[in-house]
Amino acid sequence: MKKSLILILSILFATVLAFLFIPSSNSYAAGMMGGNSGNGMMDNDESGHMTEHSVDLVKSTAPEKELALPPILKPDKQTKNDVYYTVTAKSGTTDFKDGGSTETLGYNGTYLGPVIKIRRGQTVHIKEVNDLNENTTFHWHGAIIDGKADGGPHDPIKPGKTKNISFKVQQPAATLWFHPHPSGQTAKQVYKGLAGLIYVSDNTSKNLKIPKNYGVDDFPLVVQDRTFDSKNQFNYKKDYNSDGTLGENILVNGTLNPYINVTTKYVRLRLLNGSNARNYTFKLSNNQKMYQIAGDGSFLSKPDPIKKLTLAPAQRAEVLVDTSSIPDGESLELVAGGIPVVTLKMQTRTDNIKRMPKSLLKMVTAKAGTRDVDKQTLTLSGMSKMVEINGKQFNPDRIDIHTKVGQQQVWTVKNKKQMMNMSHPFHLHGVQFRVLSINGHKPPLNETGYMDTVNLKPGDSVKLTFKFEKKGLYMYHCHNLEHEQNGMMGQIMVE
Ligand SMILES: [Cu+2]
């Protein structure tokens, strides 16, 4: 009797709450209503979404296929200190599976883009060509680069137009990426396929005894989730969710159900979460450890043995997998959310490296500095169309923060705990930062390197330190691309 009264009261309470907090977006409300009785309201699943409107990952019915490898971009010209590239954003069609080709976007191809190789100390010249029928920009995510070359929403390239940029590479070896960032169209253009990788090399990467033979023992894995409609299309409008568009199948480098033939004892996987909004927690199917060697913007100080690895949208990680315990002919899967991401098929293997390196990159512990520090506090809040930073939505005509080149920065970024909780991957343009603390505690080893995107769970408070090395206007925003587009973004002018 008493129990049922409590049950009725709590259902009533949940219903009232649900109606009070339904934001304007229809898709959100539909998801909410379609959910079961509001349980898990405070919970987040791997998607970073409330359980009610998540899209569960399902294994594609497509046959397995060897992992596609993005081509390494050939320079137009190369001298001792300079390299010249052309990158063209264009539309096309891509055959992902039987049943018809899919209308997609790509860089120099029909889906995704090439790997652009750059070297520390080199001056890189890129001709950015827009062959789309709408505005786009080329954002060099993670690059230490002038504001005017950064490709933010202020510098759209009109259809048929070209922009030339140059920058000197002055950051450590890392796996960076590039994607569009035009006002209002970023999420759709990324969903349709615009994203590519940048490999930065330096003396450390050159000297380290780690796998570095592209496509042999060193593999890029651009992980994305996409839904194919009945005509095999990516229907962004239909799949759109104002709290982050999710897809039901995993694509890796544009391949469904991919496998890699493993011919070496150690394999290096360079993971990019290139999804609009989904978080992935990666692990190996036999639960053995992987060794994380790099994060977003640099190697770690030493390999971090981990059983699982969570990447929020835009984050990268490089891991080494030791396959020596798996017999020839058997396979090991990298899985996320119970779904295989890529299958590693063991062939006869050579000893490509003798052992796991003991150390990787010499790095001092990040310190806040005590004097002459610019401090900022940014609070991310809200859901759906009502997402804000410090109570404000993005306004292209408002500069939120002014600062100077070389000024030490300490930023406290908070994800306000609210009735409806979501995680927010916070990204800052034009710099690589170090994490000082997460909720007052030292960051785990795999977040002690240089980073450009840090994931904040509900209630998290993260302290970051960095300096801008270049001038210009830079964005900071949530890398859940629908949140970014709905206004969870601000801008800083560096003079
Ligand atoms: Cu967000």
# chains A, B, ... in the order shown; residues from 1 in each chain; ligands from 1

call {"tool": "closest_atom_pairs", "arguments": {"of": "chain A", "to": "ligand 1", "cutoff": "7 Å", "atoms": "only C-alpha atoms and all ligand atoms", "output": "tab-separated table"}}
result
residue	atom	partner	partner_atom_place_in_ligand_line	distance
A:Ser423	CA	ligand 1	1 (Cu)	6.3
A:His424	CA	ligand 1	1 (Cu)	3.8
A:Pro425	CA	ligand 1	1 (Cu)	6.2
A:Cys478	CA	ligand 1	1 (Cu)	4.7
A:His479	CA	ligand 1	1 (Cu)	6.5
A:Asn480	CA	ligand 1	1 (Cu)	4.9
A:His483	CA	ligand 1	1 (Cu)	4.9
A:Glu484	CA	ligand 1	1 (Cu)	7.0
A:Met488	CA	ligand 1	1 (Cu)	6.8

call {"tool": "write_last_selection", "arguments": {"atoms": "all heavy atoms", "output": "PDB file, in the first residue's frame"}}
result
ATOM      1  N   SER A 423      27.421  15.371 -20.940  1.00  0.00           N
ATOM      2  CA  SER A 423      28.826  15.739 -20.933  1.00  0.00           C
ATOM      3  C   SER A 423      29.069  16.693 -22.100  1.00  0.00           C
ATOM      4  O   SER A 423      28.332  16.685 -23.089  1.00  0.00           O
ATOM      5  CB  SER A 423      29.710  14.497 -21.023  1.00  0.00           C
ATOM      6  OG  SER A 423      29.424  13.776 -22.185  1.00  0.00           O
ATOM      7  N   HIS A 424      30.078  17.544 -21.959  1.00  0.00           N
ATOM      8  CA  HIS A 424      30.428  18.503 -23.010  1.00  0.00           C
ATOM      9  C   HIS A 424      31.929  18.444 -23.281  1.00  0.00           C
ATOM     10  O   HIS A 424      32.722  18.747 -22.387  1.00  0.00           O
ATOM     11  CB  HIS A 424      30.070  19.933 -22.594  1.00  0.00           C
ATOM     12  CG  HIS A 424      28.620  20.157 -22.298  1.00  0.00           C
ATOM     13  ND1 HIS A 424      27.645  20.111 -23.268  1.00  0.00           N
ATOM     14  CD2 HIS A 424      27.987  20.424 -21.137  1.00  0.00           C
ATOM     15  CE1 HIS A 424      26.466  20.347 -22.714  1.00  0.00           C
ATOM     16  NE2 HIS A 424      26.639  20.533 -21.418  1.00  0.00           N
ATOM     17  N   PRO A 425      32.331  18.068 -24.490  1.00  0.00           N
ATOM     18  CA  PRO A 425      33.758  18.123 -24.842  1.00  0.00           C
ATOM     19  C   PRO A 425      34.159  19.559 -25.183  1.00  0.00           C
ATOM     20  O   PRO A 425      33.719  20.101 -26.194  1.00  0.00           O
ATOM     21  CB  PRO A 425      33.865  17.200 -26.057  1.00  0.00           C
ATOM     22  CG  PRO A 425      32.481  17.097 -26.624  1.00  0.00           C
ATOM     23  CD  PRO A 425      31.509  17.464 -25.551  1.00  0.00           C
ATOM     24  N   CYS A 478      31.852  23.806 -27.269  1.00  0.00           N
ATOM     25  CA  CYS A 478      31.554  22.399 -27.062  1.00  0.00           C
ATOM     26  C   CYS A 478      31.696  21.702 -28.407  1.00  0.00           C
ATOM     27  O   CYS A 478      31.184  22.185 -29.413  1.00  0.00           O
ATOM     28  CB  CYS A 478      30.132  22.244 -26.532  1.00  0.00           C
ATOM     29  SG  CYS A 478      29.630  20.521 -26.370  1.00  0.00           S
ATOM     30  N   HIS A 479      32.409  20.550 -28.445  1.00  0.00           N
ATOM     31  CA  HIS A 479      32.595  19.857 -29.719  1.00  0.00           C
ATOM     32  C   HIS A 479      31.520  18.819 -29.993  1.00  0.00           C
ATOM     33  O   HIS A 479      31.637  18.024 -30.932  1.00  0.00           O
ATOM     34  CB  HIS A 479      33.990  19.248 -29.839  1.00  0.00           C
ATOM     35  CG  HIS A 479      34.588  19.432 -31.201  1.00  0.00           C
ATOM     36  ND1 HIS A 479      34.141  18.735 -32.308  1.00  0.00           N
ATOM     37  CD2 HIS A 479      35.552  20.263 -31.651  1.00  0.00           C
ATOM     38  CE1 HIS A 479      34.838  19.119 -33.366  1.00  0.00           C
ATOM     39  NE2 HIS A 479      35.696  20.046 -33.002  1.00  0.00           N
ATOM     40  N   ASN A 480      30.470  18.806 -29.178  1.00  0.00           N
ATOM     41  CA  ASN A 480      29.229  18.190 -29.626  1.00  0.00           C
ATOM     42  C   ASN A 480      28.745  19.191 -30.675  1.00  0.00           C
ATOM     43  O   ASN A 480      28.391  20.329 -30.342  1.00  0.00           O
ATOM     44  CB  ASN A 480      28.264  18.089 -28.442  1.00  0.00           C
ATOM     45  CG  ASN A 480      26.874  17.654 -28.847  1.00  0.00           C
ATOM     46  OD1 ASN A 480      26.372  18.014 -29.915  1.00  0.00           O
ATOM     47  ND2 ASN A 480      26.226  16.902 -27.976  1.00  0.00           N
ATOM     48  N   HIS A 483      25.606  21.183 -30.299  1.00  0.00           N
ATOM     49  CA  HIS A 483      25.693  22.184 -29.229  1.00  0.00           C
ATOM     50  C   HIS A 483      26.466  23.409 -29.695  1.00  0.00           C
ATOM     51  O   HIS A 483      26.075  24.540 -29.426  1.00  0.00           O
ATOM     52  CB  HIS A 483      26.374  21.595 -27.989  1.00  0.00           C
ATOM     53  CG  HIS A 483      25.444  20.806 -27.122  1.00  0.00           C
ATOM     54  ND1 HIS A 483      25.847  20.224 -25.951  1.00  0.00           N
ATOM     55  CD2 HIS A 483      24.120  20.525 -27.260  1.00  0.00           C
ATOM     56  CE1 HIS A 483      24.811  19.602 -25.398  1.00  0.00           C
ATOM     57  NE2 HIS A 483      23.760  19.761 -26.178  1.00  0.00           N
ATOM     58  N   GLU A 484      27.574  23.161 -30.383  1.00  0.00           N
ATOM     59  CA  GLU A 484      28.373  24.272 -30.911  1.00  0.00           C
ATOM     60  C   GLU A 484      27.485  25.154 -31.786  1.00  0.00           C
ATOM     61  O   GLU A 484      27.443  26.371 -31.639  1.00  0.00           O
ATOM     62  CB  GLU A 484      29.555  23.708 -31.716  1.00  0.00           C
ATOM     63  CG  GLU A 484      30.448  24.755 -32.370  1.00  0.00           C
ATOM     64  CD  GLU A 484      30.240  24.856 -33.868  1.00  0.00           C
ATOM     65  OE1 GLU A 484      30.502  23.875 -34.572  1.00  0.00           O
ATOM     66  OE2 GLU A 484      29.803  25.914 -34.336  1.00  0.00           O
ATOM     67  N   MET A 488      26.765  27.057 -27.972  1.00  0.00           N
ATOM     68  CA  MET A 488      27.689  26.799 -26.867  1.00  0.00           C
ATOM     69  C   MET A 488      29.108  27.089 -27.353  1.00  0.00           C
ATOM     70  O   MET A 488      29.936  26.192 -27.510  1.00  0.00           O
ATOM     71  CB  MET A 488      27.549  25.356 -26.379  1.00  0.00           C
ATOM     72  CG  MET A 488      28.153  25.113 -25.005  1.00  0.00           C
ATOM     73  SD  MET A 488      27.829  23.443 -24.419  1.00  0.00           S
ATOM     74  CE  MET A 488      26.790  23.779 -23.017  1.00  0.00           C
TER      75      MET A 488
END

call {"tool": "closest_residue", "arguments": {"among": "A:Asp452, A:Asp155, A:Asp460, A:Glu469", "to": "Lys416 in chain A", "atoms": "only C-alpha atoms"}}
result
A:Asp460

call {"tool": "residues_around", "arguments": {"residues": "Phe219 in chain A", "least_positions_apart": "4", "cutoff": "10 Å", "atoms": "only C-alpha atoms", "output": "JSON, numbers by chain"}}
result
{"A": [67, 68, 69, 70, 211, 212, 213, 214, 215, 260, 267, 268, 269, 270, 271, 318]}

call {"tool": "write_last_selection", "arguments": {"atoms": "C-alpha atoms", "output": "short mmCIF file (atom, residue, chain, number, x, y, z; two decimals), in the first residue's frame"}}
result
data_model
loop_
_atom_site.label_atom_id
_atom_site.label_comp_id
_atom_site.auth_asym_id
_atom_site.auth_seq_id
_atom_site.Cartn_x
_atom_site.Cartn_y
_atom_site.Cartn_z
CA LEU A 67 39.97 -1.20 -43.54
CA ALA A 68 40.21 1.67 -46.05
CA LEU A 69 43.32 3.80 -45.60
CA PRO A 70 43.14 7.49 -46.40
CA PRO A 211 55.56 1.39 -35.19
CA LYS A 212 55.50 4.07 -37.90
CA ASN A 213 55.02 2.21 -41.15
CA TYR A 214 51.76 3.66 -42.50
CA GLY A 215 49.19 0.98 -43.27
CA ILE A 260 43.16 -5.25 -40.54
CA VAL A 267 50.28 -2.40 -33.89
CA ARG A 268 49.86 1.34 -33.50
CA LEU A 269 46.30 2.63 -33.78
CA ARG A 270 45.74 6.37 -34.17
CA LEU A 271 42.17 6.95 -33.06
CA GLU A 318 47.33 6.69 -30.11
#

call {"tool": "select_by_dssp", "arguments": {"residues": "range 130-187 of chain A", "states": "strand (DSSP E or B)", "output": "JSON, numbers by chain"}}
result
{"A": [130, 136, 139, 140, 141, 157, 162, 163, 164, 165, 166, 167, 168, 174, 175, 176, 177, 178, 179]}
